[in-house]
$ cat model.txt   # compact mmCIF, C-alpha atoms
# COMPACT_ATOMS: atom_id res chain seq x y z
CA ASP A 1 15.16 -67.14 -1.37
CA LYS A 2 12.49 -64.48 -1.91
CA SER A 3 14.84 -61.79 -3.19
CA LEU A 4 14.72 -60.32 -6.68
CA THR A 5 17.32 -59.20 -9.17
CA TRP A 6 16.46 -55.98 -10.95
CA SER A 7 17.81 -54.91 -14.34
CA SER A 8 17.31 -52.26 -17.00
CA SER A 9 17.53 -52.88 -20.73
CA ASN A 10 18.83 -49.36 -21.30
CA THR A 11 20.72 -47.80 -18.42
CA ALA A 12 21.36 -44.71 -20.53
CA VAL A 13 17.64 -43.99 -20.24
CA ALA A 14 16.75 -45.44 -16.84
CA THR A 15 18.53 -47.26 -14.04
CA VAL A 16 17.06 -49.46 -11.33
CA SER A 17 18.42 -50.09 -7.84
CA SER A 18 18.64 -53.43 -6.03
CA GLN A 19 15.46 -52.39 -4.23
CA GLY A 20 13.61 -51.80 -7.50
CA ILE A 21 13.72 -47.98 -7.45
CA VAL A 22 13.77 -46.65 -11.01
CA THR A 23 15.57 -43.39 -11.87
CA GLY A 24 15.15 -41.63 -15.19
CA VAL A 25 18.41 -40.59 -16.83
CA ALA A 26 17.45 -39.38 -20.30
CA ILE A 27 14.47 -39.19 -22.63
CA GLY A 28 13.59 -42.57 -24.13
CA SER A 29 12.28 -46.03 -23.25
CA ALA A 30 13.69 -48.91 -21.21
CA THR A 31 12.46 -52.27 -20.00
CA ILE A 32 12.75 -52.92 -16.26
CA THR A 33 12.88 -56.60 -15.32
CA ALA A 34 12.60 -58.33 -11.95
CA THR A 35 13.88 -61.94 -11.76
CA ALA A 36 13.32 -64.30 -8.82
CA ASN A 37 16.47 -65.61 -7.10
CA ASP A 38 14.86 -68.84 -5.88
CA GLY A 39 16.08 -70.83 -8.89
CA SER A 40 12.73 -70.77 -10.68
CA ASN A 41 13.92 -68.11 -13.17
CA VAL A 42 10.48 -66.51 -12.96
CA SER A 43 10.60 -62.89 -14.10
CA ALA A 44 8.35 -59.98 -14.91
CA SER A 45 9.05 -56.92 -17.04
CA ILE A 46 7.58 -53.50 -17.64
CA THR A 47 8.49 -50.92 -20.27
CA ILE A 48 8.77 -47.35 -19.05
CA THR A 49 9.09 -44.10 -20.98
CA VAL A 50 11.12 -41.19 -19.68
CA GLU A 51 9.79 -37.84 -20.83
CA ALA A 52 11.16 -34.33 -20.52
CA ALA A 53 10.18 -32.63 -17.28
CA GLU A 54 7.68 -29.82 -17.71
CA ALA A 55 9.52 -26.55 -17.40
CA ALA A 56 8.53 -24.37 -14.47
CA VAL A 57 6.24 -21.57 -15.54
CA THR A 58 7.95 -18.21 -15.36
CA GLY A 59 5.91 -15.83 -13.25
CA ILE A 60 5.41 -13.50 -10.29
CA THR A 61 3.02 -14.21 -7.46
CA LEU A 62 1.92 -12.02 -4.56
CA SER A 63 0.84 -12.91 -1.02
CA ALA A 64 -2.41 -10.95 -1.44
CA ALA A 65 -4.78 -10.18 -4.29
CA SER A 66 -5.00 -6.53 -3.20
CA LEU A 67 -3.72 -4.15 -0.52
CA ASP A 68 -6.57 -2.83 1.61
CA PHE A 69 -5.59 0.09 3.85
CA GLY A 70 -9.04 0.30 5.36
CA THR A 71 -10.26 3.72 6.49
CA ILE A 72 -7.75 6.57 6.26
CA MET A 73 -8.32 10.13 7.44
CA GLN A 74 -7.37 12.69 4.83
CA GLY A 75 -3.77 13.71 5.51
CA ALA A 76 -3.04 10.54 7.48
CA THR A 77 -0.76 7.73 6.31
CA GLY A 78 -1.32 3.98 6.03
CA THR A 79 1.33 1.29 5.58
CA LYS A 80 1.01 -2.25 4.26
CA THR A 81 3.57 -4.96 3.43
CA ILE A 82 3.28 -7.63 0.75
CA THR A 83 5.46 -10.64 -0.05
CA VAL A 84 6.58 -11.14 -3.65
CA HIS A 85 7.54 -14.58 -5.00
CA GLY A 86 8.90 -15.52 -8.40
CA VAL A 87 9.45 -18.71 -10.40
CA ASN A 88 12.10 -19.24 -13.08
CA LEU A 89 12.83 -15.53 -13.40
CA THR A 90 15.74 -14.36 -15.54
CA GLY A 91 15.86 -10.80 -14.22
CA ASP A 92 15.01 -8.62 -11.25
CA VAL A 93 11.46 -7.48 -10.53
CA THR A 94 10.69 -3.83 -11.21
CA VAL A 95 8.04 -2.25 -9.01
CA SER A 96 6.18 0.91 -9.99
CA THR A 97 3.01 2.91 -9.40
CA THR A 98 1.46 6.05 -10.81
CA ALA A 99 -0.76 6.56 -7.75
CA THR A 100 -0.41 10.02 -6.22
CA GLY A 101 0.48 9.93 -2.54
CA VAL A 102 1.76 6.34 -2.70
CA SER A 103 5.41 5.47 -2.09
CA LEU A 104 7.25 2.15 -2.34
CA SER A 105 10.07 0.85 -0.15
CA ALA A 106 11.90 -0.32 -3.29
CA GLN A 107 11.69 0.09 -7.05
CA THR A 108 13.66 -3.08 -7.78
CA LEU A 109 13.52 -6.47 -6.06
CA ALA A 110 16.47 -8.81 -6.67
CA LYS A 111 15.46 -12.01 -8.45
CA GLU A 112 17.43 -14.05 -5.90
CA ASP A 113 15.28 -12.64 -3.11
CA VAL A 114 12.03 -13.01 -5.02
CA MET A 115 12.76 -16.64 -5.92
CA SER A 116 13.89 -17.58 -2.40
CA GLU A 117 11.60 -19.59 -0.16
CA ALA A 118 10.80 -16.53 1.96
CA GLY A 119 10.26 -14.22 -1.01
CA ALA A 120 10.92 -10.48 -1.05
CA GLN A 121 9.11 -7.96 1.14
CA LEU A 122 7.72 -4.70 -0.25
CA THR A 123 6.25 -1.96 1.93
CA VAL A 124 3.64 0.32 0.39
CA THR A 125 2.90 3.63 2.13
CA ALA A 126 -0.19 5.61 1.20
CA THR A 127 -1.16 9.18 2.07
CA PRO A 128 -4.30 9.30 -0.07
CA GLU A 129 -5.43 12.44 -1.80
CA GLY A 130 -8.53 10.93 -3.35
CA ALA A 131 -10.39 7.71 -4.06
CA SER A 132 -8.42 4.51 -4.66
CA THR A 133 -10.42 3.47 -7.73
CA GLY A 134 -8.11 2.18 -10.46
CA LEU A 135 -4.91 2.66 -8.47
CA GLU A 136 -2.37 -0.17 -8.61
CA VAL A 137 1.21 -1.21 -7.98
CA ALA A 138 2.80 -3.04 -10.95
CA PHE A 139 5.36 -5.86 -10.70
CA ALA A 140 7.28 -6.66 -13.89
CA SER A 141 10.20 -8.88 -14.90
CA GLU A 142 11.61 -9.81 -18.29
CA GLY A 143 9.84 -12.84 -19.71
CA ALA A 144 7.13 -12.80 -17.04
CA GLU A 145 3.60 -11.46 -17.21
CA THR A 146 3.21 -8.17 -15.35
CA VAL A 147 1.19 -8.50 -12.14
CA ASN A 148 -0.93 -5.54 -10.98
CA LEU A 149 -1.79 -5.15 -7.31
CA PRO A 150 -4.96 -3.08 -6.70
CA LEU A 151 -4.84 -0.56 -3.86
CA LYS A 152 -7.93 -0.01 -1.74
CA TRP A 153 -8.89 2.47 0.94
CA THR A 154 -11.82 4.51 2.20
CA LEU A 155 -10.84 8.15 2.48
CA ILE A 156 -12.54 10.30 5.11
CA PRO A 157 -12.46 13.98 4.12
CA VAL A 158 -11.08 16.25 6.82
CA ILE A 159 -12.17 19.85 7.06
CA THR A 160 -9.73 22.24 8.69
CA TYR A 161 -11.56 24.75 10.85
CA ALA A 162 -11.01 26.84 13.96
CA THR A 163 -13.32 29.26 15.74
CA ALA A 164 -12.45 32.92 15.99
CA ALA A 165 -11.84 32.48 19.71
CA ASP A 166 -8.93 30.17 18.93
CA PHE A 167 -7.24 32.78 16.74
CA ARG A 168 -8.00 35.98 18.62
CA ASN A 169 -7.51 37.24 22.12
CA THR A 170 -10.38 35.62 24.02
CA ALA A 171 -10.49 38.64 26.30
CA ASP A 172 -11.83 40.62 23.37
CA PRO A 173 -15.60 40.03 23.40
CA ASP A 174 -15.90 41.06 19.77
CA TYR A 175 -14.15 37.86 18.72
CA SER A 176 -15.15 35.47 21.49
CA SER A 177 -18.01 33.91 19.52
CA VAL A 178 -18.26 35.71 16.24
CA THR A 179 -18.56 32.57 14.11
CA ARG A 180 -20.06 29.17 14.56
CA ILE A 181 -20.60 26.08 12.42
CA SER A 182 -24.12 25.55 11.17
CA GLU A 183 -24.06 21.75 11.23
CA PRO A 184 -23.02 19.14 13.79
CA LEU A 185 -19.42 18.07 13.35
CA THR A 186 -17.23 15.46 14.97
CA VAL A 187 -13.85 16.52 16.29
CA VAL A 188 -11.24 14.18 14.79
CA TYR A 189 -8.07 15.59 16.35
CA ALA A 190 -6.42 18.88 17.19
CA THR A 191 -2.97 20.21 16.56
CA GLU A 192 -1.08 23.47 16.90
CA MET A 193 0.36 25.60 14.15
CA GLN A 194 1.89 29.02 13.61
CA LEU A 195 -0.56 31.02 11.50
CA GLU A 196 1.61 33.99 10.64
CA SER A 197 5.38 34.18 10.30
CA TYR A 198 5.50 37.33 12.44
CA ASP A 199 3.44 35.80 15.22
CA PRO A 200 5.30 33.08 17.14
CA THR A 201 2.13 32.00 18.92
CA LEU A 202 1.03 28.42 18.30
CA TYR A 203 -2.72 28.49 17.71
CA LYS A 204 -4.91 25.46 18.13
CA VAL A 205 -6.47 24.16 14.91
CA PHE A 206 -9.27 21.63 15.00
CA TYR A 207 -9.80 19.07 12.25
CA LEU A 208 -13.47 18.30 11.87
CA GLN A 209 -15.36 15.79 9.80
CA GLY A 210 -18.56 17.14 8.32
CA SER A 211 -21.47 15.52 6.53
CA GLY A 212 -20.55 17.06 3.20
CA ALA A 213 -17.60 18.29 1.20
CA ALA A 214 -17.83 21.81 2.61
CA VAL A 215 -18.83 23.49 5.88
CA PRO A 216 -21.00 26.63 5.83
CA VAL A 217 -20.20 29.16 8.56
CA VAL A 218 -22.81 31.63 9.79
CA ASP A 219 -22.73 34.51 12.19
CA LEU A 220 -24.79 34.81 15.38
CA TYR A 221 -27.75 36.01 13.34
CA GLY A 222 -27.72 33.06 10.97
CA PHE A 223 -26.28 34.90 8.00
CA LEU A 224 -23.91 32.88 5.84
CA THR A 225 -20.44 34.36 6.01
CA GLU A 226 -18.22 31.84 4.21
CA THR A 227 -18.10 28.27 3.03
CA TYR A 228 -14.97 26.28 3.75
CA ALA A 229 -13.94 23.36 1.59
CA VAL A 230 -11.85 20.36 2.51
CA GLY A 231 -8.29 21.43 3.25
CA ASP A 232 -9.07 25.13 3.84
CA VAL A 233 -7.49 26.77 6.88
CA VAL A 234 -9.71 29.33 8.54
CA GLU A 235 -7.86 32.45 9.62
CA ASN A 236 -10.33 34.87 11.19
$ encode --input "model.txt" --output "structure tokens"
Amino acid sequence: DKSLTWSSSNTAVATVSSQGIVTGVAIGSATITATANDGSNVSASITITVEAAEAAVTGITLSAASLDFGTIMQGATGTKTITVHGVNLTGDVTVSTTATGVSLSAQTLAKEDVMSEAGAQLTVTATPEGASTGLEVAFASEGAETVNLPLKWTLIPVITYATAADFRNTADPDYSSVTRISEPLTVVYATEMQLESYDPTLYKVFYLQGSGAAVPVVDLYGFLTETYAVGDVVEN
């Protein structure tokens, strides 16, 4: 008979199954003994100590170290989603940001969702008005260290400009080519807008990206007429 009989000296601390599997019950020490059933009475013992399990660290973790929106044209919108997980939380997670032009899909994430296997989803929408340096989304919960999520993007300034021909009757030669841009620009996109409340006409407005923060406009003779900054709408 090659079987063994297992026993514990203190079943209040640890028990042992007939297969020799030891289960801790409470903090303390117990001696686990295996005795041969072949009549030889040969046995072996080991003393084990049951210690308190290390408590799970309370905290918030995110699926990314930062949210990178990449390149965004001024006035355009970017959207990113992040997954929020939590361990041993006692309260909901509060989400906040002081970044201008940034909105959050929720200001509070339920602790049950955050601590679930899937975690909680948060969508961050950005319509940048400037550089992203120092901008963050903060995640906080009672008893947990606040986690800050840096926001990143590269903002391309957009200069709003339209030639006089777009705003005037092109049949009028005085306005057909009265202004021009003095530097090469790249057309980004075009849209239509109503310039004056009394004029129902939708005029075409071009959005152009220049090499600098402003675009100088000169007449046909090369004289500087005006300088338009980012966001200006030209109404000739």
$ closest_residue --input "model.txt" --among "A:Thr47, A:Thr125, A:Gln107, A:Thr61" --to "A:His85" --atoms "all atoms listed in the file"
A:Thr61
$ atom_distance --input "model.txt" --atom1 "atom CA of A:Glu129" --atom2 "atom CA of A:Ile82"
22.0 Å
$ residues_around --input "model.txt" --residues "A:Asp1" --least-positions-apart "6" --cutoff "10 Å" --atoms "only C-alpha atoms" --output "VMD selection string"
chain A and resid 36 to 39
$ residues_around --input "model.txt" --residues "A:Lys152" --least-positions-apart "2" --cutoff "8 Å" --atoms "all atoms listed in the file" --output "list in words"
Ser66, Leu67, Asp68, Phe69, Gly70, Ser132, Thr133, Leu135, Pro150 and Thr154 of chain A
$ residues_around --input "model.txt" --residues "A:Gly24" --least-positions-apart "3" --cutoff "10 Å" --atoms "all atoms listed in the file" --output "list in words"
Thr11, Ala12, Val13, Ala14, Thr15, Val16, Ile27, Gly28, Ser29, Ala30, Ile48, Thr49, Val50, Glu51 and Ala52 of chain A
$ atom_distance --input "model.txt" --atom1 "atom CA of A:Leu109" --atom2 "atom CA of A:Thr94"
6.4 Å
$ atom_distance --input "model.txt" --atom1 "atom CA of A:Lys2" --atom2 "atom CA of A:Ala44"
14.4 Å
$ closest_residue --input "model.txt" --among "A:Ser3, A:Ser96, A:Gln121, A:Thr77" --to "A:Leu155" --atoms "all atoms listed in the file"
A:Thr77
$ residues_near_point --input "model.txt" --point "(10.0, -60.1, -21.7)" --cutoff "12 Å" --atoms "only C-alpha atoms" --output "ChimeraX atom specification"
/A:7-9,30-35,42-47
$ write_last_selection --input "model.txt" --atoms "C-alpha atoms" --output "short mmCIF file (atom, residue, chain, number, x, y, z; two decimals), keeping the file's coordinate frame"
data_model
loop_
_atom_site.label_atom_id
_atom_site.label_comp_id
_atom_site.auth_asym_id
_atom_site.auth_seq_id
_atom_site.Cartn_x
_atom_site.Cartn_y
_atom_site.Cartn_z
CA SER A 7 17.81 -54.91 -14.34
CA SER A 8 17.31 -52.26 -17.00
CA SER A 9 17.53 -52.88 -20.73
CA ALA A 30 13.69 -48.91 -21.21
CA THR A 31 12.46 -52.27 -20.00
CA ILE A 32 12.75 -52.92 -16.26
CA THR A 33 12.88 -56.60 -15.32
CA ALA A 34 12.60 -58.33 -11.95
CA THR A 35 13.88 -61.94 -11.76
CA VAL A 42 10.48 -66.51 -12.96
CA SER A 43 10.60 -62.89 -14.10
CA ALA A 44 8.35 -59.98 -14.91
CA SER A 45 9.05 -56.92 -17.04
CA ILE A 46 7.58 -53.50 -17.64
CA THR A 47 8.49 -50.92 -20.27
#
$ residues_near_point --input "model.txt" --point "(-0.9, 12.5, -4.0)" --cutoff "7 Å" --atoms "only C-alpha atoms" --output "PDB file with C-alpha atoms, in the frame of the given file"
ATOM      1  CA  THR A 100      -0.410  10.020  -6.220  1.00  0.00           C
ATOM      2  CA  GLY A 101       0.480   9.930  -2.540  1.00  0.00           C
ATOM      3  CA  VAL A 102       1.760   6.340  -2.700  1.00  0.00           C
ATOM      4  CA  THR A 127      -1.160   9.180   2.070  1.00  0.00           C
ATOM      5  CA  PRO A 128      -4.300   9.300  -0.070  1.00  0.00           C
ATOM      6  CA  GLU A 129      -5.430  12.440  -1.800  1.00  0.00           C
TER       7      GLU A 129
END
